[in-house]
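Just below is one structure, and these are the notes that go with it.
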2 protein chains.
Amino acid sequence: MSEDDSRSAKPGKRATINDVARVAEVSKKTVSRVINQSPFVREDTRERVQAAIDELGFVPDPQARGLAFRRSFLVGMIYDQPSPTYVVNMQQGILDALKGSGFELVVHPCSRNSPTLLKDIRGFVERQRLFGVIMPPSVSEDDSVIELLQELDCPYVRIASLALDEPQNMVVTNDWIGAAEAAQHLADLGHRRIALVRGLASFRSSVVRGQGFIDALAERGIDIPAAYDLQGAYTYESGVEAGHALLSLPEPPTAIFTLNDDMALGVMQAARERGMELPRDLSIVGFDDLPMAARVWPNLTSVRLPIRDMGRMAAEKLLAPTRGVDPAKLQQPEVRPALVVRRSAIPLG
Amino acid sequence: MSEDDSRSAKPGKRATINDVARVAEVSKKTVSRVINQSPFVREDTRERVQAAIDELGFVPDPQARGLAFRRSFLVGMIYDQPSPTYVVNMQQGILDALKGSGFELVVHPCSRNSPTLLKDIRGFVERQRLFGVIMPPSVSEDDSVIELLQELDCPYVRIASLALDEPQNMVVTNDWIGAAEAAQHLADLGHRRIALVRGLASFRSSVVRGQGFIDALAERGIDIPAAYDLQGAYTYESGVEAGHALLSLPEPPTAIFTLNDDMALGVMQAARERGMELPRDLSIVGFDDLPMAARVWPNLTSVRLPIRDMGRMAAEKLLAPTRGVDPAKLQQPEVRPALVVRRSAIPLG
DNA sequence: AGGCGCATTGACACCGGTTTCCTAAGCCGC
DNA sequence: GCGGCTTAGGAAACCGGTGTCAATGCGCCT
């Protein structure tokens with residue numbers, strides 16, 4: 001009762017819904033209605049309650065609320081992605097969207113080939129009663145995981161390079177266009193003997209990017225012979241290997257496009273091990289635009305995906321229902337990659 | 001009452017403490033005692049309850065438990081670190097330690113110079129009633145944040161290169177030795193004109209690493225003139241700048257040690273912009289051993305810190321009380337860095 | 001035998017919200 | 001002016017666990 005300056009949260013204890021109810025002279029249920037934006041509160045009552053909330057600096061306890069709702073205010077991010085940059089940027093984007101909403105982000109790396117994958121995820125989702133989960137590739141492409149989430153009745157948003165699901169559950173990246181831009185760039189530079197190093201076939205992105213590249217080159221009358229179309233594994237080492245394979249051909253390519261940056265660096269390494277000078281003897285374009293793309297020599301030309309934005313959009317989709325937005329129709333601004341031109345690909349000369 | 005096959009969690013609903021109590025024929029309070037390892041339960045009772053728990057596949061609800069405990073089962077990681085590799089590895093380490101404990105990791109990036117830093121952290125910790133937080137540099141070195149956490153009575157573990165706090169609140173890395181090893185390596189290679197590019201002065205690690213390097217060189221009779229001791233900012237760009245400054249000296253160094261890898265790459269860039277060939281014309285050693293250290297050309301010799309282990313150790317310290325381990329004495333295996341020798345530093349010739 | 005102290009256990013309120021059910025008031029048409 | 005319908009708001013149970021405190025039973029002491 002002995003209020004010090006009541007401005008906001010000074011005293012040791014935080015205000016509860018009962019305090020608010022007392023100050024606003026209503027029942028706690030009415031306060032609850034205001035918090036949850038129930039339409040069954042008269043305008044003046046709502047204002048009185050809101051004033052009390054502000055005065056006391058009241059913030060509802062997520063644990064108590066979650067207990068009653070039987071659903072927590074935690075968003076999970078489940079990923080099996082090895083690239084730290086991707087993961088951190090996506091976390092950032094998700095947090096951008098979560099900021100101020102009272103939701104928090106819980107991270108959960110996993111391994112798709114672990115025998116306990118489903119058990120782990122089930123435990124994670126069920127025990128914490130997650131509000132929803134966000135998944136980047138490649139977990140986002142795992143049917144058994146999706147089935148599990150549906151069975152658990154856990155909302156989710158998948159980030160992938162193909163529309164694998166209902167729109168409200170997807171953030172789709174246009175990897176096809178990104179690869180096509182890379183193709184156009186190399187063709188414009190005058191290259192004709194162009195090779196492609198793909199990623200793990202189990203990633204949709206590898207298929208989509210590969211197709212975009214091939215389609216765009218075909219449009220310009222360039223085609224990629226089988227010997228120039230290699231399967232990598234999205235790893236640096238596989239890039240080194242592919243690089244050697246391509247550069248030891250009787251008629252080696254003058255340009256190589258790899259479906260991620262790690263492999264691009266591997267190709268660079270291979271070229272150097274063979275005594276080639278870059279970019280003079282070989283043009284290289286990567287995909288991802290990792291920070292190191294701008295730091296290696298020669299600075300790597302690469303396709304950038306707006307990872308952070310993608311994370312933000314995914315979280316916004318997940319939270320849409322809480323903002324009263326219809327589940328189905330969030331206009332989704334297409335996620336477009338952009339070619340970042342640096343110095344690793346130069347005109348054929 | 002109509003029990004189907006009671007084996008384990010088949011039915012849609014998860015078992016509650018009441019179900020367990022009924023099956024074990026005890027009160028829910030006794031079940032609670034078993035869950036919380038209270039010593040006041042007779043052995044045969046404990047076994048009976050445990051059997052019921054196993055049979056029903058009962059897992060206590062963290063929200064309900066947290067509500068009653070007035071403390072959640074969430075561990076926060078607060079960081080302001082720009083390096084994704086560092087962040088992700090540390091998350092991994094923390095999760096290693098959390099696995100199976102029922103705790104989850106909530107991430108919270110922040111900016112130390114944001115005017116709302118303290119307000120944000122207060123909100124985060126207070127609202128979620130975090131069990132504890134883990135902080136890597138440089139938040140871990142921010143006195144105002146630490147004060148806030150103490151005021152909030154929130155357990156924390158700081159990761160830093162100096163013992164800034166009680167042992168149970170610290171995981172200390174021996175950056176001094178890491179830098180000393182780099183110094184020894186360069187000296188052993190025959191270098192005498194050796195330069196140092198430091199990081200942001202506001203990072204303790206910069207001071208400690210710098211000191212380790214200088215001390216170890218001094219021990220070998222080599223000293224670093226002022227013109228060879230530059231202040232960088234832990235960024236690539238500052239590395240480029242420092243590189244140019246050093247290499248344009250009348251008598252440039254033959255080797256440069258930068259206090260992180262980003263700056264090492266910057267120095268490489270500068271050297272190349274000046275037409276130098278690496279590593280022939282300049283030896284370079286970095287610190288951090290980021291993945292790209294192994295991918296750039298020439299492969300960068302660097303000092304590696306066991307980030308993941310550090311994260312694991314930090315989480316173990318935080319959880320020690322819950323495992324009945326005395327707060328004060330966890331024998332802390334010293335965190336030792338290791339020099340990873342690659343090809344960017346070669347004998348002076 | 002009676003009393004004491006300890007080891008165990010349960011009844012009941014409580015954590016901080018939400019939901020269910022119900023009441024009373026306001027408003028309509030007749 | 002009255003019944004019926006809609007709406008604002010309250011009482012009490014409930015979400016799934018924990019704390020407090022008292023009750024029970026038992027061995028041991030004098």
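Simple scheme: letters A, B, ... for chains in structure tokens order, numbers from 1 for residues in each chain, numbers from 1 for ligands in the order shown.
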Write out, as JSON lines, each residue of chain B that has an atom at most 6 Å from chain A, together with the closest pair of atoms and their distance in Å to one decimal, counting only C-alpha atoms, rows going by chain and rising number.
```
{"residue": "B:Gln63", "atom": "CA", "partner": "A:Gln63", "partner_atom": "CA", "distance": 5.2}
{"residue": "B:Leu67", "atom": "CA", "partner": "A:Gln63", "partner_atom": "CA", "distance": 5.8}
{"residue": "B:Pro84", "atom": "CA", "partner": "A:Thr85", "partner_atom": "CA", "distance": 5.2}
{"residue": "B:Thr85", "atom": "CA", "partner": "A:Pro84", "partner_atom": "CA", "distance": 5.2}
{"residue": "B:Val88", "atom": "CA", "partner": "A:Pro84", "partner_atom": "CA", "distance": 5.7}
{"residue": "B:Leu105", "atom": "CA", "partner": "A:Val106", "partner_atom": "CA", "distance": 5.6}
{"residue": "B:Val106", "atom": "CA", "partner": "A:Val106", "partner_atom": "CA", "distance": 4.6}
{"residue": "B:Val296", "atom": "CA", "partner": "A:Val296", "partner_atom": "CA", "distance": 6.0}
```
Atoms kept (N, CA and C atoms) for selection, written as a PDB file, in the first residue's frame:
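Contents of again_0.pdb, as written:
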```
ATOM      1  N   GLN B  63       6.799 -25.869 -17.101  1.00  0.00           N
ATOM      2  CA  GLN B  63       6.111 -24.611 -16.830  1.00  0.00           C
ATOM      3  C   GLN B  63       5.487 -24.631 -15.444  1.00  0.00           C
ATOM      4  N   LEU B  67       6.657 -22.410 -12.409  1.00  0.00           N
ATOM      5  CA  LEU B  67       5.722 -21.497 -11.745  1.00  0.00           C
ATOM      6  C   LEU B  67       5.829 -21.642 -10.227  1.00  0.00           C
ATOM      7  N   PRO B  84      30.020 -15.482 -35.950  1.00  0.00           N
ATOM      8  CA  PRO B  84      29.032 -16.556 -35.936  1.00  0.00           C
ATOM      9  C   PRO B  84      29.620 -17.890 -35.492  1.00  0.00           C
ATOM     10  N   THR B  85      30.831 -18.152 -35.910  1.00  0.00           N
ATOM     11  CA  THR B  85      31.442 -19.421 -35.538  1.00  0.00           C
ATOM     12  C   THR B  85      31.559 -19.543 -34.030  1.00  0.00           C
ATOM     13  N   VAL B  88      27.967 -20.033 -32.511  1.00  0.00           N
ATOM     14  CA  VAL B  88      27.359 -21.339 -32.735  1.00  0.00           C
ATOM     15  C   VAL B  88      28.106 -22.436 -31.976  1.00  0.00           C
ATOM     16  N   LEU B 105      18.032 -23.913 -23.950  1.00  0.00           N
ATOM     17  CA  LEU B 105      18.858 -22.730 -24.170  1.00  0.00           C
ATOM     18  C   LEU B 105      18.097 -21.651 -24.928  1.00  0.00           C
ATOM     19  N   VAL B 106      18.055 -20.478 -24.355  1.00  0.00           N
ATOM     20  CA  VAL B 106      17.403 -19.329 -24.993  1.00  0.00           C
ATOM     21  C   VAL B 106      18.485 -18.315 -25.354  1.00  0.00           C
ATOM     22  N   VAL B 296      41.580 -20.348 -46.590  1.00  0.00           N
ATOM     23  CA  VAL B 296      42.215 -19.292 -47.378  1.00  0.00           C
ATOM     24  C   VAL B 296      43.576 -19.763 -47.869  1.00  0.00           C
TER      25      VAL B 296
END
```
Inset, instruction - For DC29 of chain D, list every protein, DNA or RNA residue within 12 Å, evaluated using only C-alpha atoms (C1' of nucleotides), and leave out those in the same chain fewer than 2 positions away; present the list as number ranges by chain. - result: C: 1-5; D: 27
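The list of chain C residues within 10 Å of chain B is DA7, DT8, DT9, DG10, DA11, DC14, DC15 and DG16 of chain C; this uses only C-alpha atoms (C1' of nucleotides).
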Can I get the selected residues back with N, CA, C and O atoms (P, O5', C5', C4', C3', O3' and C1' of nucleotides), as a PDB file, in the first residue's frame?
```pdb
ATOM      1  P    DA C   7      16.122 -38.640  11.262  1.00  0.00           P
ATOM      2  O5'  DA C   7      15.261 -39.627  10.364  1.00  0.00           O
ATOM      3  C5'  DA C   7      15.170 -40.996  10.730  1.00  0.00           C
ATOM      4  C4'  DA C   7      13.892 -41.558  10.147  1.00  0.00           C
ATOM      5  C3'  DA C   7      13.708 -41.233   8.664  1.00  0.00           C
ATOM      6  O3'  DA C   7      13.256 -42.412   8.025  1.00  0.00           O
ATOM      7  C1'  DA C   7      11.806 -40.555   9.877  1.00  0.00           C
ATOM      8  P    DT C   8      13.290 -42.520   6.380  1.00  0.00           P
ATOM      9  O5'  DT C   8      11.779 -42.592   5.940  1.00  0.00           O
ATOM     10  C5'  DT C   8      10.891 -41.698   6.521  1.00  0.00           C
ATOM     11  C4'  DT C   8       9.465 -42.145   6.292  1.00  0.00           C
ATOM     12  C3'  DT C   8       8.952 -41.806   4.902  1.00  0.00           C
ATOM     13  O3'  DT C   8       7.986 -42.791   4.524  1.00  0.00           O
ATOM     14  C1'  DT C   8       7.844 -40.474   6.526  1.00  0.00           C
ATOM     15  P    DT C   9       7.433 -42.855   2.994  1.00  0.00           P
ATOM     16  O5'  DT C   9       6.156 -41.925   3.079  1.00  0.00           O
ATOM     17  C5'  DT C   9       5.077 -42.316   3.957  1.00  0.00           C
ATOM     18  C4'  DT C   9       4.080 -41.189   4.097  1.00  0.00           C
ATOM     19  C3'  DT C   9       3.604 -40.566   2.803  1.00  0.00           C
ATOM     20  O3'  DT C   9       2.313 -41.082   2.528  1.00  0.00           O
ATOM     21  C1'  DT C   9       3.864 -38.970   4.564  1.00  0.00           C
ATOM     22  P    DG C  10       1.502 -40.670   1.208  1.00  0.00           P
ATOM     23  O5'  DG C  10       0.499 -39.577   1.793  1.00  0.00           O
ATOM     24  C5'  DG C  10      -0.265 -39.905   2.956  1.00  0.00           C
ATOM     25  C4'  DG C  10      -1.022 -38.683   3.437  1.00  0.00           C
ATOM     26  C3'  DG C  10      -1.814 -37.953   2.362  1.00  0.00           C
ATOM     27  O3'  DG C  10      -3.059 -37.543   2.916  1.00  0.00           O
ATOM     28  C1'  DG C  10      -0.293 -36.442   3.379  1.00  0.00           C
ATOM     29  P    DA C  11      -4.244 -37.146   1.966  1.00  0.00           P
ATOM     30  O5'  DA C  11      -4.695 -35.754   2.611  1.00  0.00           O
ATOM     31  C5'  DA C  11      -4.659 -35.585   4.035  1.00  0.00           C
ATOM     32  C4'  DA C  11      -4.936 -34.133   4.401  1.00  0.00           C
ATOM     33  C3'  DA C  11      -5.852 -33.379   3.429  1.00  0.00           C
ATOM     34  O3'  DA C  11      -6.632 -32.452   4.174  1.00  0.00           O
ATOM     35  C1'  DA C  11      -3.712 -32.379   3.419  1.00  0.00           C
ATOM     36  P    DC C  14      -3.405 -19.567   0.681  1.00  0.00           P
ATOM     37  O5'  DC C  14      -2.305 -19.756  -0.458  1.00  0.00           O
ATOM     38  C5'  DC C  14      -0.963 -20.087  -0.101  1.00  0.00           C
ATOM     39  C4'  DC C  14      -0.128 -20.220  -1.361  1.00  0.00           C
ATOM     40  C3'  DC C  14      -0.483 -19.208  -2.460  1.00  0.00           C
ATOM     41  O3'  DC C  14       0.704 -18.598  -2.896  1.00  0.00           O
ATOM     42  C1'  DC C  14      -0.427 -21.398  -3.332  1.00  0.00           C
ATOM     43  P    DC C  15       0.649 -17.193  -3.708  1.00  0.00           P
ATOM     44  O5'  DC C  15       1.632 -17.437  -4.929  1.00  0.00           O
ATOM     45  C5'  DC C  15       2.853 -18.159  -4.803  1.00  0.00           C
ATOM     46  C4'  DC C  15       3.291 -18.588  -6.191  1.00  0.00           C
ATOM     47  C3'  DC C  15       2.679 -17.698  -7.265  1.00  0.00           C
ATOM     48  O3'  DC C  15       3.676 -16.799  -7.758  1.00  0.00           O
ATOM     49  C1'  DC C  15       2.434 -20.047  -7.786  1.00  0.00           C
ATOM     50  P    DG C  16       3.236 -15.246  -7.857  1.00  0.00           P
ATOM     51  O5'  DG C  16       2.422 -15.180  -9.223  1.00  0.00           O
ATOM     52  C5'  DG C  16       3.092 -15.470 -10.438  1.00  0.00           C
ATOM     53  C4'  DG C  16       2.077 -15.636 -11.536  1.00  0.00           C
ATOM     54  C3'  DG C  16       1.082 -14.477 -11.667  1.00  0.00           C
ATOM     55  O3'  DG C  16       0.887 -14.239 -13.047  1.00  0.00           O
ATOM     56  C1'  DG C  16      -0.075 -16.474 -11.490  1.00  0.00           C
TER      57       DG C  16
END
```
Pull out every residue of chain D sitting within 8 Å of chain A, counting only C-alpha atoms (C1' of nucleotides), and send them as a PDB file with N, CA and C atoms (P, O5', C5', C4', C3', O3' and C1' of nucleotides), in the first residue's frame.
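What follows is the written file iface-v7.pdb:
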```pdb
ATOM      1  P    DT D   7     -23.788  -9.093 -28.159  1.00  0.00           P
ATOM      2  O5'  DT D   7     -23.375  -8.489 -26.749  1.00  0.00           O
ATOM      3  C5'  DT D   7     -23.804  -7.181 -26.409  1.00  0.00           C
ATOM      4  C4'  DT D   7     -23.375  -6.844 -24.993  1.00  0.00           C
ATOM      5  C3'  DT D   7     -21.906  -7.150 -24.706  1.00  0.00           C
ATOM      6  O3'  DT D   7     -21.323  -6.002 -24.110  1.00  0.00           O
ATOM      7  C1'  DT D   7     -23.285  -8.087 -23.033  1.00  0.00           C
ATOM      8  P    DA D   8     -19.725  -5.847 -23.935  1.00  0.00           P
ATOM      9  O5'  DA D   8     -19.624  -5.717 -22.353  1.00  0.00           O
ATOM     10  C5'  DA D   8     -20.278  -4.637 -21.707  1.00  0.00           C
ATOM     11  C4'  DA D   8     -20.199  -4.824 -20.211  1.00  0.00           C
ATOM     12  C3'  DA D   8     -18.781  -5.044 -19.692  1.00  0.00           C
ATOM     13  O3'  DA D   8     -18.608  -4.243 -18.535  1.00  0.00           O
ATOM     14  C1'  DA D   8     -20.159  -6.869 -19.057  1.00  0.00           C
ATOM     15  P    DG D   9     -17.204  -4.154 -17.797  1.00  0.00           P
ATOM     16  O5'  DG D   9     -17.309  -5.333 -16.761  1.00  0.00           O
ATOM     17  C5'  DG D   9     -18.205  -5.200 -15.667  1.00  0.00           C
ATOM     18  C4'  DG D   9     -18.243  -6.498 -14.910  1.00  0.00           C
ATOM     19  C3'  DG D   9     -16.871  -6.978 -14.410  1.00  0.00           C
ATOM     20  O3'  DG D   9     -16.935  -7.040 -12.992  1.00  0.00           O
ATOM     21  C1'  DG D   9     -18.133  -8.752 -15.325  1.00  0.00           C
ATOM     22  P    DG D  10     -15.605  -7.360 -12.129  1.00  0.00           P
ATOM     23  O5'  DG D  10     -16.145  -8.599 -11.292  1.00  0.00           O
ATOM     24  C5'  DG D  10     -17.430  -8.505 -10.672  1.00  0.00           C
ATOM     25  C4'  DG D  10     -17.850  -9.868 -10.157  1.00  0.00           C
ATOM     26  C3'  DG D  10     -16.752 -10.600  -9.397  1.00  0.00           C
ATOM     27  O3'  DG D  10     -17.322 -11.245  -8.275  1.00  0.00           O
ATOM     28  C1'  DG D  10     -17.476 -11.935 -11.201  1.00  0.00           C
ATOM     29  P    DC D  15      -7.293 -29.442 -14.485  1.00  0.00           P
ATOM     30  O5'  DC D  15      -6.014 -28.899 -15.248  1.00  0.00           O
ATOM     31  C5'  DC D  15      -6.081 -28.015 -16.355  1.00  0.00           C
ATOM     32  C4'  DC D  15      -4.744 -27.326 -16.495  1.00  0.00           C
ATOM     33  C3'  DC D  15      -3.617 -28.144 -15.885  1.00  0.00           C
ATOM     34  O3'  DC D  15      -2.918 -28.827 -16.915  1.00  0.00           O
ATOM     35  C1'  DC D  15      -3.505 -25.808 -15.238  1.00  0.00           C
ATOM     36  P    DG D  16      -2.641 -30.392 -16.687  1.00  0.00           P
ATOM     37  O5'  DG D  16      -1.336 -30.395 -15.765  1.00  0.00           O
ATOM     38  C5'  DG D  16      -0.148 -29.827 -16.255  1.00  0.00           C
ATOM     39  C4'  DG D  16       0.828 -29.660 -15.115  1.00  0.00           C
ATOM     40  C3'  DG D  16       1.068 -30.921 -14.277  1.00  0.00           C
ATOM     41  O3'  DG D  16       2.441 -31.001 -13.986  1.00  0.00           O
ATOM     42  C1'  DG D  16       0.484 -29.170 -12.889  1.00  0.00           C
TER      43       DG D  16
END
```
Legend entry - DSSP strand (DSSP E) selection over segment 301-341 of chain B, as a list in words: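 Filtering segment 301-341 of chain B to strand (DSSP E) leaves Thr301, Ser302, Val303, Arg304, Ala338, Leu339 and Val340 of chain B.
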Inset, instruction - Extract the full set of helix (DSSP H, G or I) residues from segment 198-298 of chain B according to DSSP on the backbone, and format it as JSON, numbers by chain. - result: {"B": [204, 205, 206, 207, 208, 209, 210, 211, 212, 213, 214, 215, 216, 217, 218, 219, 226, 227, 228, 236, 237, 238, 239, 240, 241, 242, 243, 244, 245, 246, 247, 261, 262, 263, 264, 265, 266, 267, 268, 269, 270, 271, 272, 273, 291, 292, 293, 294]}
